[in-house]
Amino acid sequence: MTVHTFFTPLLLALNFIYFSTSAIAAESEVDSRNSEPWTVQRSVSFALTNSPDIKIAQQKILLARANKNQAESSLYPWLSVGARYAQTDTPMYSFGNILNQGEFDNTIDFNDPGRSDNLGLTADLRYRLYSGGRDRAGINAAAAHENAADQQLEALHNGLAFGVVHGFYSIMQAEEIVQANKSAIEAIEASLNAAKARFEAGTLLKVDLLDLELQKSLANENLIQASHNLDLVKQGFINLLGLESTDISIAPDDTTKPAIPAELHPDHRPELKSLDAMIESTRAGVEQARSANYPSINAFGTYQYDKGFEYEGSGNSWTAGVSLNQNIFDGYQTSAAIAAAEAQLADALEQKRKMLLAIKLEIEKASLGIKQAEQRLSVTETMVSQATERARLSRERFKEGVILTSDLIDVENRLTDATVRRTVAKAARRIAIADLRRAVGLEQF
């Protein structure tokens, strides 16, 4: 029995207790938070502990750790014990039992020693003295895999956090668009009431009144589409949090503002660190393949106790020694394995170069996205201010019968469009900052 075999049931039990308590805690946390609006920071924190993707990645880390522990077992001696009882009348085996039990005398016939039995107890100890570096390389490869799994979890954290931030501000954007459409409907209804009064007074044509009613119908359709989009965005956000279908609300006055990164370099990206770990693993794989060219040396020792009941004797014996094995020719299997491992290493190095170029492009795009969003936000703020004032003046002039219905409709459409553009620009800036933090490998908060 090895140490790892002994601890396996214990680890399984601890894992079961951990994830059971985590599930209960997550459920209670959902109940407590479901009654209050979600902030962006709490949303990210909750997703990083409750998302199924995170739990899957954690299991991969446990697997990598178990593989490393398994590889490290080669550094320890192996001890096994065994017991065996048997009866036989085969001359060779029966005579061997008699010798091991110390019961031989000259009256025994070698060709027909008769029936004998034996209870054998054995203890076997083995230890690898030298393996040509294969064991150490295997441990290094397993440790690199564990490190890669840790970095992959960190990369998943960054990606999921950005997804939650994106979803959060998308909800804010969708809610503001819904509100913009509601405001447009309210404005049109006010103008429609004024139009009805003018129509009854005989100062407005029927066709102008119908134009306003048509515009109200179009605004209602826009509101339906905006509300549907809000429902879809909320459902995607719920899915990111790892929750079952439920109704949520976000904090409308959430003023959390992650800072724009001062240094734009990819050194913090966990994807690169994970790939570095995999490169170390492939290097260890090359060493493992090369180790087949070297001999392996093993020490061994065996103790045996024999007890008979037919001859009622007993005896013990031991064996100890050292063995050496060296491959002389294996049909070029080792050279092929070395070539394959070296090719994997070269591939991993090129994969890192490719990823580095892609990450630098992501950083540049995210940086440009912030600049564009800030410029759009500045322009749309001016647009909204101008469109609001113009709409106010146009509504007053429409009541007085100074401007046409078509002019008023055009002004209302421009105000709604400007409001939506500003809303999109505000959300785009916040999302762009989150994207830049993700691109450089920083936490969102």
# chains A, B, ... in the order shown; residues from 1 in each chain; ligands from 1
>>> residues_around(residues="Glu154 of chain A", least_positions_apart="5", cutoff="9 Å", atoms="only C-alpha atoms", output="list in words")
Ala149, Gly159, Arg269, Pro270 and Glu271 of chain A
>>> select_by_dssp(residues="segment 131-377 of chain A", states="strand (DSSP E or B)", output="list of chain:residue names")
A:Ile250, A:Ser296, A:Ile297, A:Asn298, A:Ala299, A:Phe300, A:Gly301, A:Thr302, A:Tyr303, A:Gln304, A:Tyr305, A:Asp306, A:Lys307, A:Ser314, A:Gly315, A:Asn316, A:Ser317, A:Trp318, A:Thr319, A:Ala320, A:Gly321, A:Val322, A:Ser323, A:Leu324, A:Asn325
>>> residues_around(residues="segment 376-380 of chain A", least_positions_apart="4", cutoff="9 Å", atoms="only C-alpha atoms", output="MDAnalysis selection string")
chainID A and resid 371:372 384:385 418:419 421:426 428:429
>>> write_last_selection(atoms="N, CA and C atoms", output="PDB file, in the first residue's frame")
ATOM      1  N   LYS A 371     -10.349  55.507 -26.180  1.00  0.00           N
ATOM      2  CA  LYS A 371     -10.258  56.839 -26.779  1.00  0.00           C
ATOM      3  C   LYS A 371     -11.490  57.142 -27.629  1.00  0.00           C
ATOM      4  N   GLN A 372     -11.910  56.165 -28.414  1.00  0.00           N
ATOM      5  CA  GLN A 372     -13.088  56.377 -29.249  1.00  0.00           C
ATOM      6  C   GLN A 372     -14.332  56.609 -28.392  1.00  0.00           C
ATOM      7  N   VAL A 384     -27.137  65.594 -26.953  1.00  0.00           N
ATOM      8  CA  VAL A 384     -28.303  65.477 -26.084  1.00  0.00           C
ATOM      9  C   VAL A 384     -28.725  66.855 -25.571  1.00  0.00           C
ATOM     10  N   SER A 385     -27.737  67.661 -25.163  1.00  0.00           N
ATOM     11  CA  SER A 385     -28.045  69.000 -24.661  1.00  0.00           C
ATOM     12  C   SER A 385     -28.742  69.839 -25.730  1.00  0.00           C
ATOM     13  N   ALA A 418     -30.261  60.852 -30.002  1.00  0.00           N
ATOM     14  CA  ALA A 418     -29.122  61.411 -29.272  1.00  0.00           C
ATOM     15  C   ALA A 418     -29.009  60.794 -27.883  1.00  0.00           C
ATOM     16  N   THR A 419     -30.149  60.583 -27.222  1.00  0.00           N
ATOM     17  CA  THR A 419     -30.137  59.984 -25.886  1.00  0.00           C
ATOM     18  C   THR A 419     -29.602  58.556 -25.938  1.00  0.00           C
ATOM     19  N   ARG A 421     -27.645  57.290 -28.255  1.00  0.00           N
ATOM     20  CA  ARG A 421     -26.212  57.343 -28.602  1.00  0.00           C
ATOM     21  C   ARG A 421     -25.351  57.662 -27.375  1.00  0.00           C
ATOM     22  N   ARG A 422     -25.829  58.583 -26.552  1.00  0.00           N
ATOM     23  CA  ARG A 422     -25.079  58.898 -25.336  1.00  0.00           C
ATOM     24  C   ARG A 422     -25.051  57.693 -24.393  1.00  0.00           C
ATOM     25  N   THR A 423     -26.166  57.019 -24.275  1.00  0.00           N
ATOM     26  CA  THR A 423     -26.221  55.828 -23.418  1.00  0.00           C
ATOM     27  C   THR A 423     -25.239  54.768 -23.890  1.00  0.00           C
ATOM     28  N   VAL A 424     -25.210  54.531 -25.201  1.00  0.00           N
ATOM     29  CA  VAL A 424     -24.294  53.543 -25.759  1.00  0.00           C
ATOM     30  C   VAL A 424     -22.842  53.965 -25.541  1.00  0.00           C
ATOM     31  N   ALA A 425     -22.560  55.252 -25.681  1.00  0.00           N
ATOM     32  CA  ALA A 425     -21.193  55.745 -25.499  1.00  0.00           C
ATOM     33  C   ALA A 425     -20.741  55.596 -24.054  1.00  0.00           C
ATOM     34  N   LYS A 426     -21.646  55.867 -23.089  1.00  0.00           N
ATOM     35  CA  LYS A 426     -21.306  55.712 -21.672  1.00  0.00           C
ATOM     36  C   LYS A 426     -20.977  54.263 -21.349  1.00  0.00           C
ATOM     37  N   ALA A 428     -20.099  51.975 -23.496  1.00  0.00           N
ATOM     38  CA  ALA A 428     -18.931  51.566 -24.277  1.00  0.00           C
ATOM     39  C   ALA A 428     -17.637  51.973 -23.581  1.00  0.00           C
ATOM     40  N   ARG A 429     -17.622  53.144 -22.958  1.00  0.00           N
ATOM     41  CA  ARG A 429     -16.411  53.574 -22.263  1.00  0.00           C
ATOM     42  C   ARG A 429     -16.119  52.672 -21.066  1.00  0.00           C
TER      43      ARG A 429
END
>>> atom_distance(atom1="atom CA of Glu36 of chain A", atom2="atom CA of Pro252 of chain A")
11.7 Å
>>> residues_around(residues="Gly96 of chain A", least_positions_apart="6", cutoff="10 Å", atoms="only C-alpha atoms", output="ChimeraX atom specification")
/A:90,102,104,113,116,118
>>> write_last_selection(atoms="C-alpha atoms", output="short mmCIF file (atom, residue, chain, number, x, y, z; two decimals), in the first residue's frame")
data_model
loop_
_atom_site.label_atom_id
_atom_site.label_comp_id
_atom_site.auth_asym_id
_atom_site.auth_seq_id
_atom_site.Cartn_x
_atom_site.Cartn_y
_atom_site.Cartn_z
CA THR A 90 4.14 -31.82 -7.25
CA GLY A 102 13.78 -26.70 7.37
CA PHE A 104 14.51 -32.12 5.05
CA PRO A 113 8.32 -36.28 -1.34
CA SER A 116 3.10 -30.67 1.58
CA ASN A 118 2.97 -23.91 3.04
#
>>> closest_residue(among="A:Leu205, A:Leu210, A:Ala299, A:Ile177", to="Asn222 of chain A", atoms="only C-alpha atoms")
A:Ile177
>>> closest_residue(among="A:Trp38, A:His265, A:Asp105, A:Tyr93", to="Ile250 of chain A", atoms="only C-alpha atoms")
A:Trp38
>>> residues_around(residues="Pro77 of chain A", least_positions_apart="4", cutoff="7 Å", atoms="only C-alpha atoms", output="list in words")
Leu125, Arg126 and Tyr127 of chain A
>>> closest_residue(among="A:Val286, A:Leu232, A:Ile363, A:Val207", to="Gly441 of chain A", atoms="only C-alpha atoms")
A:Ile363
>>> select_by_dssp(residues="segment 9-247 of chain A", states="alpha helix (DSSP H)", output="NGL selection string")
:A and (9-34 or 40-50 or 52-72 or 91-100 or 134-201 or 206-241)
>>> residues_around(residues="segment 181-197 of chain A", least_positions_apart="5", cutoff="12 Å", atoms="only C-alpha atoms", output="count of residues only")
56
>>> residues_around(residues="Thr88 of chain A", least_positions_apart="2", cutoff="12 Å", atoms="only C-alpha atoms", output="VMD selection string")
chain A and resid 85 to 86 90 to 98 112 to 118 308 310
>>> closest_residue(among="A:Asn147, A:Asn100, A:Ser323, A:Ser317", to="Tyr130 of chain A", atoms="only C-alpha atoms")
A:Ser323
>>> closest_atom_pairs(of="segment 281-306 of chain A", to="segment 132-139 of chain A", cutoff="7 Å", atoms="only C-alpha atoms", output="CSV")
residue,atom,partner,partner_atom,distance
A:Ala284,CA,A:Ala137,CA,4.9
A:Gly285,CA,A:Ala137,CA,6.9
A:Glu287,CA,A:Ala137,CA,6.0
A:Gln288,CA,A:Arg134,CA,4.7
A:Ser291,CA,A:Gly132,CA,4.8
A:Tyr294,CA,A:Gly132,CA,5.0
A:Pro295,CA,A:Gly132,CA,6.1
A:Ser296,CA,A:Gly132,CA,6.2
>>> atom_distance(atom1="atom CA of Leu160 of chain A", atom2="atom CA of Asp231 of chain A")
20.4 Å
>>> closest_residue(among="A:Asp247, A:Ser274, A:Val165, A:Leu356", to="Ala432 of chain A", atoms="only C-alpha atoms")
A:Val165
>>> closest_residue(among="A:Ala123, A:Ala47, A:Met278, A:Leu75", to="Ala141 of chain A", atoms="only C-alpha atoms")
A:Met278
